[in-house]
Amino acid sequence: MEILTPRAVRRSTRVRVEIPITVTSMDRKHPFSAKCTALVVSAQGCGFRASQALPTGTPVLLSDLPGGGNASARVASCLPLGQDGKQFLIGVSLYNHGNIWGIADPPEDWAVASDASAGPASLDKTAHKSKGSWPYNLFSGQGEAHPGRK
């Protein structure tokens, strides 16, 4: 039996993907810029594989998104992948929610998540902070979508 606490509740469905993105730290104390792969995405953020750990709360810029856009986010979690410490799964929370991933038929709850935060501005090519969206835009607990599975 799974216990859902308020912190564990997802606000939009996660979709498993492999989307190449560029991630750049906006914090001079934690320099990082690399081509990464987003492995799971939602209207609130994503989880990407990286070769370096980033501290929780670090502001980042996601660029080279599908469609050529950029989005700003902050690190929500960082977990090592494997025992060697060479790869990490970094979860980021978007400041402005939306389908920045170019998912053709996104889950229905993505539209609700986008409307609830920044509206059309969340799809803008230059992401800006939306009043009231951070720090409350953490990953939600509603489930995952697996394209191709029935």
# chains A, B, ... in the order shown; residues from 1 in each chain; ligands from 1

call {"tool": "select_by_dssp", "arguments": {"residues": "stretch 13-127 of chain A", "states": "helix (DSSP H, G or I)", "output": "count of residues only"}}
result
14

call {"tool": "residues_around", "arguments": {"residues": "A:Leu65", "least_positions_apart": "5", "cutoff": "10 Å", "atoms": "only C-alpha atoms", "output": "ChimeraX atom specification"}}
result
/A:19-22,70-71,100-102,125

call {"tool": "atom_distance", "arguments": {"atom1": "atom CA of A:Asn96", "atom2": "atom CA of A:Ala73"}}
result
8.0 Å

call {"tool": "closest_residue", "arguments": {"among": "A:Ala111, A:Leu54, A:Val17, A:Cys46", "to": "A:Phe32", "atoms": "only C-alpha atoms"}}
result
A:Leu54

call {"tool": "residues_around", "arguments": {"residues": "A:Lys86", "least_positions_apart": "2", "cutoff": "12 Å", "atoms": "only C-alpha atoms", "output": "ChimeraX atom specification"}}
result
/A:49-53,79-84,88-89

call {"tool": "select_by_dssp", "arguments": {"residues": "stretch 38-129 of chain A", "states": "strand (DSSP E or B)", "output": "NGL selection string"}}
result
:A and (38-41 or 45-50 or 59-63 or 71-81 or 87-94)

call {"tool": "write_last_selection", "arguments": {"atoms": "C-alpha atoms", "output": "compact mmCIF listing (two decimals), in the first residue's frame"}}
result
# COMPACT_ATOMS: atom_id res chain seq x y z
CA ALA A 38 15.80 14.38 -20.09
CA LEU A 39 14.49 10.93 -19.12
CA VAL A 40 11.15 11.87 -17.59
CA VAL A 41 9.16 15.06 -18.13
CA GLY A 45 9.70 19.87 -14.65
CA CYS A 46 11.89 16.97 -15.62
CA GLY A 47 14.45 14.46 -14.51
CA PHE A 48 17.67 14.40 -16.52
CA ARG A 49 20.86 12.36 -16.47
CA ALA A 50 24.06 14.31 -15.81
CA PRO A 59 18.89 27.72 -10.48
CA VAL A 60 19.45 26.29 -13.97
CA LEU A 61 18.69 27.22 -17.56
CA LEU A 62 17.36 24.47 -19.83
CA SER A 63 18.16 25.24 -23.45
CA ALA A 71 13.25 27.58 -19.72
CA SER A 72 14.47 28.40 -16.24
CA ALA A 73 14.14 25.96 -13.36
CA ARG A 74 15.67 25.02 -10.03
CA VAL A 75 17.12 21.73 -8.84
CA ALA A 76 14.55 19.87 -6.72
CA SER A 77 16.50 16.63 -6.24
CA CYS A 78 19.78 14.94 -7.12
CA LEU A 79 20.27 11.19 -6.87
CA PRO A 80 23.32 9.09 -7.82
CA LEU A 81 22.76 6.49 -10.54
CA GLN A 87 26.08 9.66 -13.26
CA PHE A 88 23.24 11.47 -11.48
CA LEU A 89 19.50 11.81 -11.95
CA ILE A 90 18.70 15.46 -11.36
CA GLY A 91 15.09 16.55 -10.90
CA VAL A 92 14.29 20.16 -11.76
CA SER A 93 11.16 22.18 -11.15
CA LEU A 94 10.20 24.71 -13.82

call {"tool": "atom_distance", "arguments": {"atom1": "atom CA of A:Gly68", "atom2": "atom CA of A:Ser33"}}
result
17.3 Å

call {"tool": "closest_residue", "arguments": {"among": "A:Pro66, A:Pro107, A:Gly57, A:Gly85", "to": "A:Met26", "atoms": "only C-alpha atoms"}}
result
A:Gly57

call {"tool": "atom_distance", "arguments": {"atom1": "atom CA of A:Thr24", "atom2": "atom CA of A:Asp109"}}
result
28.4 Å
